[in-house]
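Worksheet: one structure, shown below.
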Amino acid sequence: MWSLCALILGFCLDLIVGDPHWMPHPIVFIGKLVDLTEKGMRRIFPKTVRGENLAGAAIWLIVVTVSTGIPLLILHLAYGVSSFLGLALETVMCAQILATKSLKTESMKVYDALKTGDLEKARYAVSMIVGRDTQRLDEAGVARAAVETVAENTSDGIIAPMLFLAIGGAPLGFFYKAVNTMDSMLGYVEMPYKNVGLVPAKMDDLFNYIPARISALLMLAAGVFLGMDSKNGWKIFKRDRYNHASPNSAQTESVCAGLLGLRLAGDAWYHGVLHKKKFIGDPLREIEPEDIPKACKLLYGTAVLSLGVFAAVKFLILL
């Protein structure tokens with residue numbers, strides 16, 4: 001029950017505070033751990049396909065163990081001293097694991113730049129939240145990239161970690177963030193990450209499989225409450241939810257594309273290499289900067305609905 005309270009309070013704290021730059025963020029430390037462990041494992045394992053695959057597996061095991069074990073130990077000690085001390089610490093941890101406000105804030109920087117006509121500033125702002133190359137993007141491409149990352153990260157950055165928090169508190173939340181961070185840092189198909197990143201990428205696919213589909217259904221439900229085109233959202237979800245190299249990424253992207261009446265995805269440049277990608281959604285209209293705040297509205301609606309559903313289910317289980 002204390003963990004449930006921490007989740008609710010942490011969600012509210014994240015909406016109010018977000019991720020202040022002056023506060024050390026645990027995900028930064030997880031990233032540094034990934035980088036340090038990668039360098040160590042590359043020296044230990046042979047530079048063959050199998051050796052690099054094994055190095056990736058070792059990285060994954062070490063990072064998830066440390067990332068889960070440290071907060072588990074801290075909270076065990078804190079709750080042993082005082083339930084309120086434990087609650088306070090776990091609330092802060094939950095707020096840091098969730099990224100609702102920061103995702104909106106960073107994507108709205110793209111919107112603000114586009115509205116002032118500063119394409120270069122918009123390209124830079126969107127480069128902070130997407131993995132693709134942004135130098136070639138026109139105004140529509142920048143807006144599309146921002147909407148796509150809001151749609152995809154509604155699952156990866158908010159609903160999926162919220163589900164893990166509801167199940168196992170902050171330690172399990174950090175387990176998920178470690179899995180997701182390793183995929184973001186190592187899960188590329190180009191060298192030098194192709195072999196080392198295989199296990200981290202596959203484990204991210206595995207642990208996001210159910211959360212991504214839950215996120216898509218909750219986003220559809222949120223679209224109904226927000227008065228969006230839920231009929232088209234369901235149609236595009238059924239048709240295009242696998243139009244992505246990842247089995248999970250297009251789940252929420254397809255819902256968002258359908259609800260907003262947009263066509264997302266398509267070919268994109270990554271690290272100077274053009275990747276051919278299927279489209280998601282129908283071009284019922286041209287994408288525009290105003291679609292970014294619409295996607296953020298959908299983000300917030302989905303997040304609030306998900307918190308209500310997860311908290312209600314956990315409360316009933318605890319009774």
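Residues are named by chain letter and number: chains run A, B, ... in the order of the structure tokens, numbers start at 1 in each chain, and ligands are numbered from 1 in the order shown.
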Review point. What lies within 8 Å of A:Leu98 using only C-alpha atoms, ignoring chain neighbours under 2 positions off, as a PyMOL selection string?
Key: chain A and resi 11+14+94-96+100+157-158+161-162
Rows by chain and residue number, stretch 221-290 of chain A within 12 Å of stretch 294-306 of chain A, shortest pair, only C-alpha atoms, as JSON lines:
{"residue": "A:Ala221", "atom": "CA", "partner": "A:Thr302", "partner_atom": "CA", "distance": 7.8}
{"residue": "A:Ala222", "atom": "CA", "partner": "A:Thr302", "partner_atom": "CA", "distance": 5.2}
{"residue": "A:Gly223", "atom": "CA", "partner": "A:Leu298", "partner_atom": "CA", "distance": 6.7}
{"residue": "A:Val224", "atom": "CA", "partner": "A:Gly301", "partner_atom": "CA", "distance": 10.0}
{"residue": "A:Phe225", "atom": "CA", "partner": "A:Gly301", "partner_atom": "CA", "distance": 8.2}
{"residue": "A:Leu226", "atom": "CA", "partner": "A:Gly301", "partner_atom": "CA", "distance": 7.5}
{"residue": "A:Gly227", "atom": "CA", "partner": "A:Leu298", "partner_atom": "CA", "distance": 10.4}
{"residue": "A:Met228", "atom": "CA", "partner": "A:Leu298", "partner_atom": "CA", "distance": 9.1}
{"residue": "A:Asp229", "atom": "CA", "partner": "A:Leu298", "partner_atom": "CA", "distance": 11.9}
{"residue": "A:Ser230", "atom": "CA", "partner": "A:Leu298", "partner_atom": "CA", "distance": 11.9}
{"residue": "A:Thr252", "atom": "CA", "partner": "A:Leu299", "partner_atom": "CA", "distance": 10.3}
{"residue": "A:Glu253", "atom": "CA", "partner": "A:Ala295", "partner_atom": "CA", "distance": 10.4}
{"residue": "A:Val255", "atom": "CA", "partner": "A:Leu298", "partner_atom": "CA", "distance": 10.4}
{"residue": "A:Cys256", "atom": "CA", "partner": "A:Ala295", "partner_atom": "CA", "distance": 7.3}
{"residue": "A:Ala257", "atom": "CA", "partner": "A:Ala295", "partner_atom": "CA", "distance": 9.5}
{"residue": "A:Gly258", "atom": "CA", "partner": "A:Ala295", "partner_atom": "CA", "distance": 11.6}
{"residue": "A:Leu259", "atom": "CA", "partner": "A:Leu298", "partner_atom": "CA", "distance": 9.2}
{"residue": "A:Leu260", "atom": "CA", "partner": "A:Lys294", "partner_atom": "CA", "distance": 7.9}
{"residue": "A:Gly261", "atom": "CA", "partner": "A:Lys294", "partner_atom": "CA", "distance": 11.4}
{"residue": "A:Leu262", "atom": "CA", "partner": "A:Ala295", "partner_atom": "CA", "distance": 11.1}
{"residue": "A:Ile287", "atom": "CA", "partner": "A:Lys294", "partner_atom": "CA", "distance": 11.4}
{"residue": "A:Glu288", "atom": "CA", "partner": "A:Lys294", "partner_atom": "CA", "distance": 10.5}
{"residue": "A:Pro289", "atom": "CA", "partner": "A:Lys294", "partner_atom": "CA", "distance": 9.4}
{"residue": "A:Glu290", "atom": "CA", "partner": "A:Lys294", "partner_atom": "CA", "distance": 6.6}
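Put simply, atom CA of A:Ala122 is 7.5 Å away from atom CA of A:Lys109.
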Review point. Could you write out, as an MDAnalysis selection string, all the residues of stretch 71-274 of chain A that DSSP marks as alpha helix (DSSP H)?
Key: chainID A and resid 71:81 83:97 100:115 119:127 139:153 160:186 198:225 230:240 249:260
Which polymer residues have any atom within 10 Å of an atom of A:Pro200, counting only C-alpha atoms, with same-chain residues fewer than 3 positions away left out, as a CSV table (one decimal) with C-alpha atoms, in the first residue's frame?
chain,number,residue,atom,x,y,z
A,53,ASN,CA,26.6,-11.4,-28.1
A,56,GLY,CA,25.9,-7.9,-24.5
A,57,ALA,CA,24.3,-10.5,-22.3
A,58,ALA,CA,26.8,-9.8,-19.5
A,59,ILE,CA,26.2,-6.1,-19.8
A,60,TRP,CA,22.4,-6.7,-19.5
A,61,LEU,CA,22.7,-8.9,-16.4
A,178,ALA,CA,17.6,-0.1,-17.0
A,179,VAL,CA,16.2,-2.4,-19.7
A,180,ASN,CA,14.9,0.6,-21.7
A,181,THR,CA,18.1,2.6,-21.3
A,182,MET,CA,20.3,-0.2,-22.5
A,183,ASP,CA,18.1,-0.6,-25.6
A,184,SER,CA,18.4,3.1,-26.3
A,185,MET,CA,22.2,3.1,-25.9
A,186,LEU,CA,23.1,-0.3,-27.5
A,187,GLY,CA,20.2,-1.5,-29.5
A,188,TYR,CA,21.3,-0.4,-33.0
A,195,ASN,CA,26.2,-7.7,-32.0
A,196,VAL,CA,26.7,-6.3,-28.5
A,197,GLY,CA,23.2,-4.7,-28.6
A,203,MET,CA,15.1,-8.1,-23.8
A,204,ASP,CA,13.6,-4.6,-24.4
A,205,ASP,CA,11.2,-6.1,-26.9
A,206,LEU,CA,10.3,-8.8,-24.4
Mind running stretch 145-261 of chain A against stretch 70-86 of chain A at 12 Å and telling me each contacting residue's nearest atom pair with the distance in Å (one decimal), counting only C-alpha atoms, chain and number ascending, as a tab-separated table?
residue	atom	partner	partner_atom	distance
A:Gly168	CA	A:Leu72	CA	10.3
A:Gly169	CA	A:Leu72	CA	9.3
A:Ala170	CA	A:Pro71	CA	7.2
A:Pro171	CA	A:Leu72	CA	5.3
A:Leu172	CA	A:Leu72	CA	8.7
A:Gly173	CA	A:Pro71	CA	9.8
A:Phe174	CA	A:Pro71	CA	7.8
A:Phe175	CA	A:Pro71	CA	9.7
Exercise for review: In Å, rounded to a single decimal, give me how far atom CA of A:Arg144 is from atom CA of A:Tyr270.
Suggested key: 15.7 Å
Check your understanding: atom CA of A:Tyr242 and atom CA of A:Val150, how far apart in Å?
Key -> 18.0 Å
Practice item. Name the closest residue to A:Gln135 among the candidates A:Val34, A:Ile8, A:Leu119, A:Ile44; distances are taken between atoms, counting only C-alpha atoms. Key: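 Ranked by minimum distance to A:Gln135, first place goes to A:Leu119.
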**Study point:** Residue nearest A:Ala55 - candidates A:Arg241, A:Lys194, A:Lys101, A:Arg285, atoms counted: only C-alpha atoms
**Key:**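 Of all the options, A:Lys194 lies closest to A:Ala55.
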Practice item. Rank nothing, just name the residue among A:Gly10, A:Pro211, A:Gly18, A:Pro293 nearest to A:Glu152, using only C-alpha atoms. Key: A:Pro211
Review point. Taking only C-alpha atoms into account, which of A:Met219, A:Ile210, A:Leu4, A:Leu264 comes nearest A:Leu284?
Key: A:Leu264
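Of the residues listed (A:Ala166, A:Leu137, A:Gly131, A:Lys177), A:Lys177 shows the shortest atom-to-atom separation from A:Ile30; distances use only C-alpha atoms.
These are the residues of stretch 134-283 of chain A assigned strand (DSSP E) by DSSP from backbone coordinates: Leu264, Ala265, Ala268, Trp269, Tyr270, Val273, Leu274, His275, Phe279 and Ile280 of chain A.
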Would you export the selected residues with C-alpha atoms as an mmCIF file, in the first residue's frame, please?
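Resulting contents of selection-v1.cif:
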data_model
loop_
_atom_site.group_PDB
_atom_site.id
_atom_site.type_symbol
_atom_site.label_atom_id
_atom_site.label_comp_id
_atom_site.auth_asym_id
_atom_site.auth_seq_id
_atom_site.Cartn_x
_atom_site.Cartn_y
_atom_site.Cartn_z
ATOM 1 C CA LEU A 264 3.358 8.946 -39.455
ATOM 2 C CA ALA A 265 6.666 7.064 -39.855
ATOM 3 C CA ALA A 268 14.230 8.093 -41.944
ATOM 4 C CA TRP A 269 17.977 8.697 -41.663
ATOM 5 C CA TYR A 270 19.915 7.251 -38.708
ATOM 6 C CA VAL A 273 22.151 5.705 -43.208
ATOM 7 C CA LEU A 274 18.689 5.809 -44.825
ATOM 8 C CA HIS A 275 16.318 3.257 -43.267
ATOM 9 C CA PHE A 279 4.004 4.291 -43.118
ATOM 10 C CA ILE A 280 1.616 4.290 -40.160
#
Revision key, fill the gap. For A:Gly308, the closest of A:Leu7, A:Met1, A:Val92, A:Arg123 counting only C-alpha atoms is A:Leu7
Check your understanding: Counting only C-alpha atoms, what is within 12 Å of stretch 110-112 of chain A, bar same-chain residues fewer than 3 positions away, as a PyMOL selection string?
Key -> chain A and resi 103-107+115-130+139-147+149-150+288-296
